[in-house]
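Printed here is data39.txt (compact mmCIF, C-alpha atoms and all ligand atoms):
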# COMPACT_ATOMS: atom_id res chain seq x y z
CA MET Y 1 -19.03 37.88 1.63
CA LYS Y 2 -19.04 34.48 -0.09
CA ALA Y 3 -19.80 31.52 2.20
CA LEU Y 4 -20.66 27.83 1.95
CA VAL Y 5 -23.91 27.43 3.88
CA TYR Y 6 -26.59 25.02 5.02
CA GLN Y 7 -30.14 26.43 4.82
CA LYS Y 8 -31.33 23.41 6.83
CA PHE Y 9 -29.75 20.32 8.41
CA GLY Y 10 -28.97 17.57 5.93
CA PRO Y 11 -26.32 15.79 3.86
CA PRO Y 12 -23.35 17.65 2.27
CA GLU Y 13 -25.27 17.93 -1.02
CA ASN Y 14 -27.43 20.56 0.76
CA LEU Y 15 -24.46 22.95 0.89
CA VAL Y 16 -24.74 26.03 -1.35
CA ILE Y 17 -22.62 29.12 -1.96
CA SER Y 18 -24.38 32.18 -0.59
CA ASP Y 19 -23.71 35.88 0.04
CA LEU Y 20 -23.67 36.79 3.76
CA ALA Y 21 -22.88 39.93 5.72
CA ARG Y 22 -19.24 40.25 6.73
CA PRO Y 23 -18.77 39.71 10.51
CA GLU Y 24 -17.43 42.54 12.67
CA ALA Y 25 -14.64 42.17 15.19
CA CYS Y 26 -15.44 43.34 18.73
CA SER Y 27 -12.83 44.73 21.12
CA HIS Y 28 -11.00 41.44 21.93
CA GLU Y 29 -11.36 39.98 18.41
CA VAL Y 30 -9.58 40.14 15.08
CA LEU Y 31 -11.14 39.97 11.63
CA VAL Y 32 -9.34 37.50 9.38
CA ARG Y 33 -9.65 37.16 5.63
CA VAL Y 34 -9.71 33.38 5.25
CA ALA Y 35 -7.29 31.91 2.70
CA TYR Y 36 -7.94 28.20 3.37
CA ALA Y 37 -10.30 26.30 5.67
CA GLY Y 38 -9.57 22.77 6.89
CA VAL Y 39 -12.42 20.25 6.65
CA ASN Y 40 -13.03 18.01 9.67
CA SER Y 41 -15.43 15.17 10.44
CA VAL Y 42 -17.24 17.36 12.94
CA ASP Y 43 -18.25 19.78 10.14
CA TRP Y 44 -20.46 17.32 8.26
CA LYS Y 45 -21.85 15.96 11.57
CA ILE Y 46 -22.93 19.48 12.63
CA GLY Y 47 -24.42 20.10 9.16
CA ALA Y 48 -26.34 16.84 9.36
CA GLY Y 49 -27.82 17.88 12.72
CA ARG Y 50 -26.15 14.92 14.42
CA ILE Y 51 -24.58 16.90 17.26
CA ASP Y 52 -27.18 17.73 19.91
CA HIS Y 53 -25.23 20.71 21.20
CA TYR Y 54 -25.69 22.53 17.86
CA ARG Y 55 -29.26 21.49 17.08
CA ASN Y 56 -30.41 25.05 17.83
CA ALA Y 57 -27.82 26.73 15.61
CA PRO Y 58 -29.38 29.47 13.47
CA PHE Y 59 -29.63 29.25 9.67
CA PRO Y 60 -28.04 30.02 7.31
CA LEU Y 61 -25.43 27.88 9.06
CA VAL Y 62 -21.76 28.19 8.14
CA THR Y 63 -19.62 25.30 9.40
CA GLY Y 64 -15.81 24.93 9.33
CA ARG Y 65 -13.64 25.15 12.44
CA ASP Y 66 -10.14 25.54 10.94
CA PHE Y 67 -8.69 28.43 8.99
CA SER Y 68 -5.54 30.12 7.81
CA GLY Y 69 -5.53 33.69 6.54
CA THR Y 70 -4.51 37.31 7.06
CA VAL Y 71 -5.57 39.72 9.79
CA VAL Y 72 -7.46 42.66 8.22
CA GLU Y 73 -8.79 44.40 11.38
CA VAL Y 74 -8.00 44.25 15.10
CA GLY Y 75 -10.30 45.11 18.00
CA SER Y 76 -9.36 47.98 20.31
CA HIS Y 77 -8.10 45.66 23.10
CA VAL Y 78 -6.01 43.37 20.90
CA ARG Y 79 -2.27 43.67 21.50
CA ASN Y 80 -0.85 40.39 20.16
CA PHE Y 81 -1.73 40.69 16.42
CA SER Y 82 -1.59 43.45 13.79
CA VAL Y 83 -3.16 43.99 10.40
CA GLY Y 84 -1.27 41.93 7.80
CA ASP Y 85 -0.23 39.06 10.12
CA ALA Y 86 -0.63 35.56 8.68
CA VAL Y 87 -2.49 33.49 11.27
CA ILE Y 88 -4.15 30.14 11.92
CA GLY Y 89 -7.01 29.35 14.26
CA CYS Y 90 -9.70 26.97 15.40
CA LEU Y 91 -13.17 28.46 15.84
CA PRO Y 92 -15.51 27.25 18.59
CA GLY Y 93 -18.45 25.15 17.34
CA PRO Y 94 -20.43 25.28 15.15
CA GLY Y 95 -17.67 27.13 13.30
CA GLY Y 96 -17.84 29.57 10.39
CA SER Y 97 -14.56 29.29 8.45
CA PHE Y 98 -16.16 28.15 5.17
CA ALA Y 99 -16.55 31.87 4.48
CA GLU Y 100 -14.36 34.74 3.29
CA TYR Y 101 -14.08 36.39 6.72
CA VAL Y 102 -14.13 35.24 10.34
CA ALA Y 103 -14.12 37.38 13.48
CA THR Y 104 -12.60 35.52 16.41
CA ASP Y 105 -10.98 35.90 19.84
CA ALA Y 106 -7.38 37.04 19.37
CA LEU Y 107 -6.32 34.69 22.20
CA SER Y 108 -7.39 31.66 20.15
CA LEU Y 109 -5.01 32.44 17.26
CA ALA Y 110 -1.40 31.61 16.48
CA ARG Y 111 0.96 32.99 13.88
CA ALA Y 112 0.97 30.77 10.78
CA PRO Y 113 4.03 28.47 10.63
CA SER Y 114 6.65 30.28 8.54
CA ASN Y 115 7.77 27.11 6.74
CA LEU Y 116 4.31 25.95 5.55
CA THR Y 117 1.98 27.12 2.80
CA LEU Y 118 -1.29 28.62 4.04
CA ALA Y 119 -3.04 25.54 2.60
CA GLU Y 120 -0.89 23.23 4.75
CA ALA Y 121 -1.29 25.55 7.74
CA ALA Y 122 -5.11 25.34 7.55
CA SER Y 123 -4.92 21.57 8.06
CA ILE Y 124 -3.43 21.92 11.53
CA PRO Y 125 -5.55 23.74 14.17
CA LEU Y 126 -8.38 21.38 15.16
CA VAL Y 127 -6.46 18.11 14.78
CA GLY Y 128 -3.31 19.63 16.29
CA LEU Y 129 -5.15 20.95 19.34
CA THR Y 130 -7.07 17.69 19.75
CA CYS Y 131 -3.88 15.64 19.83
CA TRP Y 132 -2.10 18.13 22.08
CA GLN Y 133 -4.97 18.22 24.57
CA ALA Y 134 -5.22 14.42 24.49
CA LEU Y 135 -1.57 13.38 24.69
CA VAL Y 136 0.11 16.30 26.50
CA GLY Y 137 -2.80 17.72 28.51
CA SER Y 138 -4.85 14.65 29.44
CA ALA Y 139 -2.62 11.56 29.18
CA LYS Y 140 0.66 13.36 30.01
CA LEU Y 141 2.42 10.95 27.66
CA SER Y 142 6.08 10.65 28.53
CA LYS Y 143 9.30 9.32 27.06
CA GLY Y 144 9.53 5.53 26.88
CA GLU Y 145 5.76 4.97 27.18
CA VAL Y 146 3.80 2.97 24.59
CA LEU Y 147 1.04 4.83 22.74
CA TYR Y 148 -1.64 3.09 20.64
CA VAL Y 149 -3.28 5.47 18.13
CA LEU Y 150 -6.30 3.56 16.81
CA SER Y 151 -6.23 5.10 13.34
CA GLY Y 152 -2.99 6.56 11.96
CA ALA Y 153 -3.75 7.83 8.45
CA GLY Y 154 -6.54 10.42 8.93
CA GLY Y 155 -6.50 13.97 10.25
CA THR Y 156 -6.02 13.33 13.96
CA GLY Y 157 -4.00 10.15 13.35
CA SER Y 158 -1.42 11.98 11.19
CA ILE Y 159 -0.65 14.33 14.08
CA ALA Y 160 -1.11 11.91 17.01
CA VAL Y 161 1.45 9.46 15.60
CA GLN Y 162 4.02 12.24 15.08
CA LEU Y 163 3.35 13.96 18.40
CA GLY Y 164 3.59 10.63 20.23
CA ALA Y 165 6.96 9.94 18.58
CA ALA Y 166 8.14 13.51 19.31
CA LEU Y 167 7.30 13.03 23.01
CA GLY Y 168 9.53 9.93 23.00
CA ALA Y 169 6.82 7.26 23.02
CA LYS Y 170 6.84 4.01 21.07
CA VAL Y 171 3.88 4.37 18.70
CA ILE Y 172 1.53 1.60 17.54
CA THR Y 173 -1.20 2.35 15.02
CA THR Y 174 -3.48 0.82 12.39
CA CYS Y 175 -4.34 1.64 8.78
CA SER Y 176 -5.44 -0.07 5.61
CA GLU Y 177 -2.63 -1.50 3.46
CA ARG Y 178 -2.77 1.41 1.00
CA ASN Y 179 -1.74 3.80 3.82
CA ARG Y 180 1.11 1.71 5.28
CA ASP Y 181 3.93 3.76 3.68
CA TYR Y 182 2.25 7.04 4.66
CA VAL Y 183 1.92 5.97 8.30
CA THR Y 184 5.48 4.60 8.37
CA GLY Y 185 6.64 8.03 7.20
CA LEU Y 186 4.87 9.64 10.17
CA GLY Y 187 7.07 7.64 12.54
CA ALA Y 188 4.83 4.77 13.67
CA ASN Y 189 6.91 1.91 15.10
CA TYR Y 190 4.29 -0.87 14.81
CA ILE Y 191 1.53 -0.87 12.18
CA PHE Y 192 -1.42 -3.28 12.06
CA ASP Y 193 -3.92 -3.67 9.23
CA TYR Y 194 -7.29 -3.05 10.91
CA SER Y 195 -9.11 -5.09 8.24
CA LYS Y 196 -7.40 -8.31 9.44
CA PRO Y 197 -9.64 -10.21 11.86
CA ASN Y 198 -8.18 -10.54 15.36
CA PHE Y 199 -5.32 -8.09 14.76
CA THR Y 200 -5.86 -6.84 18.35
CA ASP Y 201 -4.78 -10.29 19.59
CA ASP Y 202 -1.54 -9.91 17.56
CA LEU Y 203 -1.01 -6.46 19.11
CA ILE Y 204 -1.49 -7.85 22.62
CA ALA Y 205 0.91 -10.73 21.84
CA GLU Y 206 3.52 -8.11 20.83
CA PHE Y 207 2.86 -5.99 23.98
CA PRO Y 208 1.79 -8.53 26.65
CA GLN Y 209 2.53 -6.03 29.45
CA GLY Y 210 -0.09 -3.67 27.91
CA VAL Y 211 0.22 -0.22 26.37
CA ASP Y 212 0.32 2.93 28.53
CA VAL Y 213 -1.98 5.22 26.53
CA VAL Y 214 -4.69 4.70 23.89
CA PHE Y 215 -5.78 7.59 21.64
CA SER Y 216 -9.21 6.41 20.49
CA ASN Y 217 -10.06 8.23 17.25
CA VAL Y 218 -12.23 5.63 15.48
CA LEU Y 219 -15.92 4.85 15.80
CA GLY Y 220 -17.09 1.26 16.14
CA PRO Y 221 -15.71 -2.01 17.50
CA LEU Y 222 -12.04 -0.94 17.47
CA HIS Y 223 -12.79 1.46 20.34
CA ARG Y 224 -14.28 -1.26 22.59
CA ASP Y 225 -11.48 -3.65 21.72
CA ALA Y 226 -8.80 -1.09 22.60
CA TYR Y 227 -9.51 -1.19 26.36
CA ARG Y 228 -8.03 -4.68 26.62
CA THR Y 229 -4.72 -3.53 25.05
CA LEU Y 230 -3.99 -1.24 28.05
CA ARG Y 231 -1.94 -2.13 31.11
CA PRO Y 232 -3.80 -1.84 34.44
CA GLY Y 233 -3.84 1.86 35.30
CA GLY Y 234 -3.32 2.85 31.66
CA ILE Y 235 -5.26 5.74 30.12
CA LEU Y 236 -7.68 5.75 27.18
CA VAL Y 237 -8.51 9.19 25.75
CA THR Y 238 -11.54 9.05 23.47
CA ILE Y 239 -12.37 11.75 20.93
CA GLY Y 240 -14.85 9.79 18.81
CA GLU Y 241 -16.84 7.14 20.65
CA SER Y 242 -18.54 7.55 24.01
CA PRO Y 243 -16.64 6.27 27.04
CA LEU Y 244 -17.47 2.74 28.26
CA PRO Y 245 -17.20 2.97 32.08
CA ALA Y 246 -18.07 -0.69 32.70
CA VAL Y 247 -15.41 -1.86 30.23
CA ALA Y 248 -12.86 0.55 31.72
CA GLU Y 249 -13.60 -0.78 35.20
CA LYS Y 250 -13.33 -4.40 34.07
CA HIS Y 251 -9.81 -3.74 32.70
CA GLY Y 252 -8.77 -1.42 35.54
CA VAL Y 253 -8.02 1.52 33.23
CA ASP Y 254 -8.85 5.25 33.24
CA GLU Y 255 -10.79 6.87 30.43
CA ILE Y 256 -11.10 10.50 29.42
CA ASP Y 257 -13.76 11.87 27.07
CA LEU Y 258 -12.16 14.83 25.29
CA ILE Y 259 -13.83 17.70 23.42
CA VAL Y 260 -11.22 19.94 21.80
CA GLN Y 261 -11.10 23.60 22.88
CA PRO Y 262 -9.62 26.54 20.90
CA ASN Y 263 -6.38 27.67 22.56
CA GLY Y 264 -3.89 30.09 21.01
CA LYS Y 265 -1.10 29.27 23.47
CA GLN Y 266 -1.21 25.55 22.71
CA LEU Y 267 -1.54 26.27 18.98
CA THR Y 268 1.63 28.37 19.20
CA GLU Y 269 3.46 25.41 20.80
CA ILE Y 270 2.30 23.20 17.91
CA VAL Y 271 3.56 25.83 15.43
CA THR Y 272 6.99 25.58 17.08
CA TYR Y 273 7.00 21.80 16.50
CA LEU Y 274 6.06 22.43 12.85
CA GLU Y 275 8.70 25.11 12.34
CA ASN Y 276 11.52 23.02 13.80
CA GLY Y 277 10.46 20.05 11.67
CA THR Y 278 9.48 17.74 14.56
CA ILE Y 279 5.96 17.50 13.10
CA LYS Y 280 5.09 17.67 9.41
CA PRO Y 281 1.67 18.73 8.16
CA PRO Y 282 -0.65 15.88 7.14
CA SER Y 283 -0.95 15.00 3.47
CA VAL Y 284 -3.24 17.79 2.17
CA SER Y 285 -5.59 17.86 -0.83
CA ILE Y 286 -7.01 21.22 -1.88
CA HIS Y 287 -10.56 21.76 -3.16
CA ALA Y 288 -12.17 25.03 -4.26
CA LEU Y 289 -14.86 26.38 -1.89
CA VAL Y 290 -17.48 25.81 -4.60
CA HIS Y 291 -16.64 22.09 -4.42
CA GLY Y 292 -17.05 22.05 -0.64
CA ALA Y 293 -20.03 19.70 -0.78
CA HIS Y 294 -17.88 17.09 -2.52
CA ALA Y 295 -15.11 17.55 0.04
CA MET Y 296 -17.57 17.16 2.92
CA GLN Y 297 -18.98 14.02 1.29
CA ASN Y 298 -15.45 12.55 1.09
CA ILE Y 299 -14.80 13.32 4.76
CA SER Y 300 -18.12 11.79 5.79
CA GLU Y 301 -17.12 8.51 4.14
CA GLY Y 302 -14.19 8.23 6.58
CA HIS Y 303 -11.25 7.21 4.36
CA VAL Y 304 -9.44 10.46 3.56
CA ARG Y 305 -5.64 10.25 3.92
CA GLY Y 306 -4.47 13.26 5.95
CA LYS Y 307 -6.69 16.29 5.40
CA ILE Y 308 -8.79 18.17 2.86
CA VAL Y 309 -8.67 21.97 2.84
CA LEU Y 310 -10.92 24.37 0.96
CA GLN Y 311 -9.45 27.32 -0.91
CA VAL Y 312 -11.68 30.18 0.24
CA SER Y 313 -10.05 33.31 -1.21
N1 LIG Y 401 -13.77 15.11 20.46
C1 LIG Y 401 -13.18 15.99 19.68
O1 LIG Y 401 -12.93 17.14 20.07
C2 LIG Y 401 -12.77 15.58 18.29
C3 LIG Y 401 -11.76 16.28 17.60
C4 LIG Y 401 -11.36 15.80 16.34
C5 LIG Y 401 -11.98 14.69 15.79
N2 LIG Y 401 -12.96 14.06 16.47
C6 LIG Y 401 -13.60 12.84 15.94
O2 LIG Y 401 -12.59 11.85 15.87
C7 LIG Y 401 -12.79 10.99 14.78
C8 LIG Y 401 -11.52 10.96 13.93
O3 LIG Y 401 -11.28 12.24 13.37
P1 LIG Y 401 -10.28 12.39 12.14
O4 LIG Y 401 -10.22 13.85 11.84
O5 LIG Y 401 -9.00 11.69 12.41
O6 LIG Y 401 -11.10 11.61 11.02
P2 LIG Y 401 -10.71 11.31 9.53
O7 LIG Y 401 -9.54 12.14 9.09
O8 LIG Y 401 -11.94 11.40 8.71
O9 LIG Y 401 -10.25 9.77 9.58
C9 LIG Y 401 -10.07 9.13 8.36
C10 LIG Y 401 -9.13 7.96 8.57
O10 LIG Y 401 -9.77 6.96 9.36
C11 LIG Y 401 -9.30 5.69 8.93
N3 LIG Y 401 -10.29 4.67 9.24
C12 LIG Y 401 -11.56 4.58 8.76
N4 LIG Y 401 -12.18 3.51 9.30
C13 LIG Y 401 -11.27 2.92 10.14
C14 LIG Y 401 -11.31 1.78 10.98
N5 LIG Y 401 -12.39 1.03 11.09
N6 LIG Y 401 -10.21 1.48 11.68
C15 LIG Y 401 -9.07 2.24 11.60
N7 LIG Y 401 -8.97 3.34 10.81
C16 LIG Y 401 -10.07 3.66 10.10
C17 LIG Y 401 -9.09 5.85 7.45
O11 LIG Y 401 -8.01 5.02 7.11
P3 LIG Y 401 -8.06 4.09 5.81
O12 LIG Y 401 -8.26 5.01 4.64
O13 LIG Y 401 -6.73 3.42 5.86
O14 LIG Y 401 -9.26 3.20 5.99
C18 LIG Y 401 -8.75 7.33 7.25
O15 LIG Y 401 -7.36 7.53 7.05
C19 LIG Y 401 -14.03 11.54 14.06
O16 LIG Y 401 -15.16 10.81 14.52
C20 LIG Y 401 -14.12 12.98 14.51
O17 LIG Y 401 -15.43 13.52 14.46
C21 LIG Y 401 -13.39 14.48 17.70
Structure encoded using structure tokens:
Amino acid sequence: MKALVYQKFGPPENLVISDLARPEACSHEVLVRVAYAGVNSVDWKIGAGRIDHYRNAPFPLVTGRDFSGTVVEVGSHVRNFSVGDAVIGCLPGPGGSFAEYVATDALSLARAPSNLTLAEAASIPLVGLTCWQALVGSAKLSKGEVLYVLSGAGGTGSIAVQLGAALGAKVITTCSERNRDYVTGLGANYIFDYSKPNFTDDLIAEFPQGVDVVFSNVLGPLHRDAYRTLRPGGILVTIGESPLPAVAEKHGVDEIDLIVQPNGKQLTEIVTYLENGTIKPPSVSIHALVHGAHAMQNISEGHVRGKIVLQVS
């Protein structure tokens, strides 16, 4: 099968198209022919050898966590999917969806949303699960609370803003000026331009009582600065930067360091939100698999609006 592979750790330009053996589904797995694969920040970080946990991954290394596609085989113990079903899923790290076929645990899959294209559907799993596990699972965000999503226009931001609004929270976020209309369309109530010096002071002036929950999805100084926007007892869930226990203690807030986990049940709940229109897919741009290196380079530069997906087959 055709796959986009690293032969050694390095920058996205190291990616090449290669021919690999098709995986086989064991008894609790399904084999999926991948239609589209979503590109996430973690993919280029794994390929660059920046994530310790995957430093021993074997080569050739296929990255890619997200996929949409069609079930072509089911293992003998699989009861919840049949050949021909359109599905979406998030693979465990280091991934493997930048390839024509994936074999994965049937319990990690969901049916593809009936109202989305398979390209749009492939943009959802990893960012959808991350936001669900952060806001519903960890922070238990509830109606009337104030949520501050550090960055609103990227992959996780596009879903976190919408999910926060759907849960009944007032949502604050940041973006560059060129993304203001996009983020407004997602349902953000207060938008700050992160390039303006001292914008965090303006945010605190607007919410002097402090926000209830921070979703920290940006690397760098914004993360450290976000602790002081929380009310005492508020919760910061970080998915990007490491937690800062001394800063959390100083401000009397709780912090949670989240690593997303594949979960078919939660993904199915997210699909329901998509199908009833509560959440829209992020803005999606489609690249051919052969241009995957270019797509990964774009993601690594950190200014993609919404998501990039690769057309695999
Ligand atoms: N722990 C986990 O399980 C987990 C899961 C998912 C993601 N992550 C991590 O979380 C981070 C975010 O992921 P993502 O998928 O949302 O990334 P992404 O889609 O690449 O984020 C791109 C967005 O970030 C914005 N941005 C860039 N610099 C910014 C800054 N200084 N302040 C505010 N916004 C800024 C850009 O907006 P502008 O174009 O307007 O500049 C762009 O829209 C990554 O580090 C990723 O690896 C971790």
### Task
List all protein, DNA and RNA residues that have at least one atom no more than 8 Å from any atom of ligand LIG 401 (chain Y), counting all atoms listed in the file, and write them as a VMD selection string.
chain Y and resid 40 to 42 45 126 to 127 130 150 to 158 174 to 179 194 to 195 216 to 222 238 to 241 257 to 261 299 to 307
Could the residues in this selection be saved with C-alpha atoms as a PDB file, in the frame of the given file?
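Full text of part_22.pdb as output:
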ATOM      1  CA  ASN Y  40     -13.030  18.010   9.670  1.00  0.00           C
ATOM      2  CA  SER Y  41     -15.430  15.170  10.440  1.00  0.00           C
ATOM      3  CA  VAL Y  42     -17.240  17.360  12.940  1.00  0.00           C
ATOM      4  CA  LYS Y  45     -21.850  15.960  11.570  1.00  0.00           C
ATOM      5  CA  LEU Y 126      -8.380  21.380  15.160  1.00  0.00           C
ATOM      6  CA  VAL Y 127      -6.460  18.110  14.780  1.00  0.00           C
ATOM      7  CA  THR Y 130      -7.070  17.690  19.750  1.00  0.00           C
ATOM      8  CA  LEU Y 150      -6.300   3.560  16.810  1.00  0.00           C
ATOM      9  CA  SER Y 151      -6.230   5.100  13.340  1.00  0.00           C
ATOM     10  CA  GLY Y 152      -2.990   6.560  11.960  1.00  0.00           C
ATOM     11  CA  ALA Y 153      -3.750   7.830   8.450  1.00  0.00           C
ATOM     12  CA  GLY Y 154      -6.540  10.420   8.930  1.00  0.00           C
ATOM     13  CA  GLY Y 155      -6.500  13.970  10.250  1.00  0.00           C
ATOM     14  CA  THR Y 156      -6.020  13.330  13.960  1.00  0.00           C
ATOM     15  CA  GLY Y 157      -4.000  10.150  13.350  1.00  0.00           C
ATOM     16  CA  SER Y 158      -1.420  11.980  11.190  1.00  0.00           C
ATOM     17  CA  THR Y 174      -3.480   0.820  12.390  1.00  0.00           C
ATOM     18  CA  CYS Y 175      -4.340   1.640   8.780  1.00  0.00           C
ATOM     19  CA  SER Y 176      -5.440  -0.070   5.610  1.00  0.00           C
ATOM     20  CA  GLU Y 177      -2.630  -1.500   3.460  1.00  0.00           C
ATOM     21  CA  ARG Y 178      -2.770   1.410   1.000  1.00  0.00           C
ATOM     22  CA  ASN Y 179      -1.740   3.800   3.820  1.00  0.00           C
ATOM     23  CA  TYR Y 194      -7.290  -3.050  10.910  1.00  0.00           C
ATOM     24  CA  SER Y 195      -9.110  -5.090   8.240  1.00  0.00           C
ATOM     25  CA  SER Y 216      -9.210   6.410  20.490  1.00  0.00           C
ATOM     26  CA  ASN Y 217     -10.060   8.230  17.250  1.00  0.00           C
ATOM     27  CA  VAL Y 218     -12.230   5.630  15.480  1.00  0.00           C
ATOM     28  CA  LEU Y 219     -15.920   4.850  15.800  1.00  0.00           C
ATOM     29  CA  GLY Y 220     -17.090   1.260  16.140  1.00  0.00           C
ATOM     30  CA  PRO Y 221     -15.710  -2.010  17.500  1.00  0.00           C
ATOM     31  CA  LEU Y 222     -12.040  -0.940  17.470  1.00  0.00           C
ATOM     32  CA  THR Y 238     -11.540   9.050  23.470  1.00  0.00           C
ATOM     33  CA  ILE Y 239     -12.370  11.750  20.930  1.00  0.00           C
ATOM     34  CA  GLY Y 240     -14.850   9.790  18.810  1.00  0.00           C
ATOM     35  CA  GLU Y 241     -16.840   7.140  20.650  1.00  0.00           C
ATOM     36  CA  ASP Y 257     -13.760  11.870  27.070  1.00  0.00           C
ATOM     37  CA  LEU Y 258     -12.160  14.830  25.290  1.00  0.00           C
ATOM     38  CA  ILE Y 259     -13.830  17.700  23.420  1.00  0.00           C
ATOM     39  CA  VAL Y 260     -11.220  19.940  21.800  1.00  0.00           C
ATOM     40  CA  GLN Y 261     -11.100  23.600  22.880  1.00  0.00           C
ATOM     41  CA  ILE Y 299     -14.800  13.320   4.760  1.00  0.00           C
ATOM     42  CA  SER Y 300     -18.120  11.790   5.790  1.00  0.00           C
ATOM     43  CA  GLU Y 301     -17.120   8.510   4.140  1.00  0.00           C
ATOM     44  CA  GLY Y 302     -14.190   8.230   6.580  1.00  0.00           C
ATOM     45  CA  HIS Y 303     -11.250   7.210   4.360  1.00  0.00           C
ATOM     46  CA  VAL Y 304      -9.440  10.460   3.560  1.00  0.00           C
ATOM     47  CA  ARG Y 305      -5.640  10.250   3.920  1.00  0.00           C
ATOM     48  CA  GLY Y 306      -4.470  13.260   5.950  1.00  0.00           C
ATOM     49  CA  LYS Y 307      -6.690  16.290   5.400  1.00  0.00           C
TER      50      LYS Y 307
END
### Message
Just checking: using only C-alpha atoms, which residue out of Y:Leu116, Y:Val171, Y:Ala246, Y:Val149 ends up closest to Y:Leu274?
### Response
Y:Leu116
Contacts of Y:Val237 within 8 Å, only C-alpha atoms, excl. fewer than 6 positions in-chain, as a PDB file with C-alpha atoms, keeping the file's coordinate frame:
ATOM      1  CA  ALA Y 134      -5.220  14.420  24.490  1.00  0.00           C
ATOM      2  CA  SER Y 138      -4.850  14.650  29.440  1.00  0.00           C
ATOM      3  CA  ALA Y 139      -2.620  11.560  29.180  1.00  0.00           C
ATOM      4  CA  VAL Y 213      -1.980   5.220  26.530  1.00  0.00           C
ATOM      5  CA  VAL Y 214      -4.690   4.700  23.890  1.00  0.00           C
ATOM      6  CA  PHE Y 215      -5.780   7.590  21.640  1.00  0.00           C
ATOM      7  CA  SER Y 216      -9.210   6.410  20.490  1.00  0.00           C
ATOM      8  CA  GLU Y 255     -10.790   6.870  30.430  1.00  0.00           C
ATOM      9  CA  ILE Y 256     -11.100  10.500  29.420  1.00  0.00           C
ATOM     10  CA  ASP Y 257     -13.760  11.870  27.070  1.00  0.00           C
ATOM     11  CA  LEU Y 258     -12.160  14.830  25.290  1.00  0.00           C
TER      12      LEU Y 258
END
### Task
Can you work out which one of Y:Ser68, Y:Thr278, Y:Thr63, Y:Thr173 has the shortest atom-to-atom distance to Y:Pro92, counting only C-alpha atoms?
Y:Thr63
### Task
Could you tell me which of Y:Ile159, Y:Val78, Y:Ile308, Y:Ala248 comes closest to Y:Gly187 if we count only C-alpha atoms?
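Smallest separation from Y:Gly187 among the options: Y:Ile159.
Going from atom CA of Y:Lys170 to atom CA of Y:Ala121 covers 26.6 Å.
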### Task
Give me, please, the distance in Å between atom CA of Y:Phe192 and atom CA of Y:Val211, quoted to one decimal.
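Answer for the atom CA of Y:Phe192 to atom CA of Y:Val211 separation: 14.7 Å.
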### Task
Would you mind reading off the distance between atom CA of Y:Gly185 and atom CA of Y:Val39, one decimal, in Å?
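Those two atoms sit 22.6 Å apart.
Between Y:Leu230 and the candidates Y:Val183, Y:Leu167, Y:Tyr148, Y:Asn263, the tightest atom-to-atom separation, counting all atoms listed in the file, involves Y:Tyr148.
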### Task
Kindly extract all protein, DNA and RNA residues lying within 10 Å of the coordinates (8.8, 4.7, 30.7) given in the file, considering all atoms listed in the file, and supply them as a ChimeraX atom specification.
/Y:141-146,168-170,212
Quick one: write out the picked residues with C-alpha atoms as a short mmCIF file (atom, residue, chain, number, x, y, z; two decimals), keeping the file's coordinate frame?
data_model
loop_
_atom_site.label_atom_id
_atom_site.label_comp_id
_atom_site.auth_asym_id
_atom_site.auth_seq_id
_atom_site.Cartn_x
_atom_site.Cartn_y
_atom_site.Cartn_z
CA LEU Y 141 2.42 10.95 27.66
CA SER Y 142 6.08 10.65 28.53
CA LYS Y 143 9.30 9.32 27.06
CA GLY Y 144 9.53 5.53 26.88
CA GLU Y 145 5.76 4.97 27.18
CA VAL Y 146 3.80 2.97 24.59
CA GLY Y 168 9.53 9.93 23.00
CA ALA Y 169 6.82 7.26 23.02
CA LYS Y 170 6.84 4.01 21.07
CA ASP Y 212 0.32 2.93 28.53
#
### Task
Determine the nearest neighbour of Y:Glu206 from the options Y:Ile172, Y:Val161, Y:Ile88, Y:Ala188, counting all atoms listed in the file.
Y:Ile172
### Task
Quick one: everything within 7 Å of stretch 31-37 of chain Y, counting all atoms listed in the file, minus sequence neighbours fewer than 4 positions away in the same chain. Send it as a ChimeraX atom specification.
/Y:24-25,64,66-74,97-98,100-104,118-119,122,309-313
### Task
List the neighbours of Y:Pro125 out to 6 Å using all atoms listed in the file; skip same-chain residues closer than 4 positions along the sequence, and give me the result as a list in words.
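Residues near the query, excluding close chain neighbours: Asp66, Gly89, Cys90 and Leu129 of chain Y.
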Output file for the selection above: C-alpha atoms, as a short mmCIF file (atom, residue, chain, number, x, y, z; two decimals), in the coordinates of the input:
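That gives us out27.cif:
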data_model
loop_
_atom_site.label_atom_id
_atom_site.label_comp_id
_atom_site.auth_asym_id
_atom_site.auth_seq_id
_atom_site.Cartn_x
_atom_site.Cartn_y
_atom_site.Cartn_z
CA ASP Y 66 -10.14 25.54 10.94
CA GLY Y 89 -7.01 29.35 14.26
CA CYS Y 90 -9.70 26.97 15.40
CA LEU Y 129 -5.15 20.95 19.34
#
Draw an axis-aligned box tight on the listed atoms of stretch 251-266 of chain Y, then pad every side by 3 Å and write out centre and edge lengths in Å to one decimal as lines of an AutoDock Vina configuration file.
center_x = -7.5
center_y = 13.2
center_z = 28.2
size_x = 18.7
size_y = 39.8
size_z = 20.6
So which residues touch Y:Leu107 within 10 Å, counting only C-alpha atoms, skipping near sequence neighbours fewer than 4 positions away, as a CSV table (one decimal) with C-alpha atoms, keeping the file's coordinate frame?
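Wrote it out as out-v8.csv, contents follow:
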chain,number,residue,atom,x,y,z
Y,28,HIS,CA,-11.0,41.4,21.9
Y,29,GLU,CA,-11.4,40.0,18.4
Y,30,VAL,CA,-9.6,40.1,15.1
Y,78,VAL,CA,-6.0,43.4,20.9
Y,79,ARG,CA,-2.3,43.7,21.5
Y,80,ASN,CA,-0.8,40.4,20.2
Y,81,PHE,CA,-1.7,40.7,16.4
Y,89,GLY,CA,-7.0,29.4,14.3
Y,262,PRO,CA,-9.6,26.5,20.9
Y,263,ASN,CA,-6.4,27.7,22.6
Y,264,GLY,CA,-3.9,30.1,21.0
Y,265,LYS,CA,-1.1,29.3,23.5
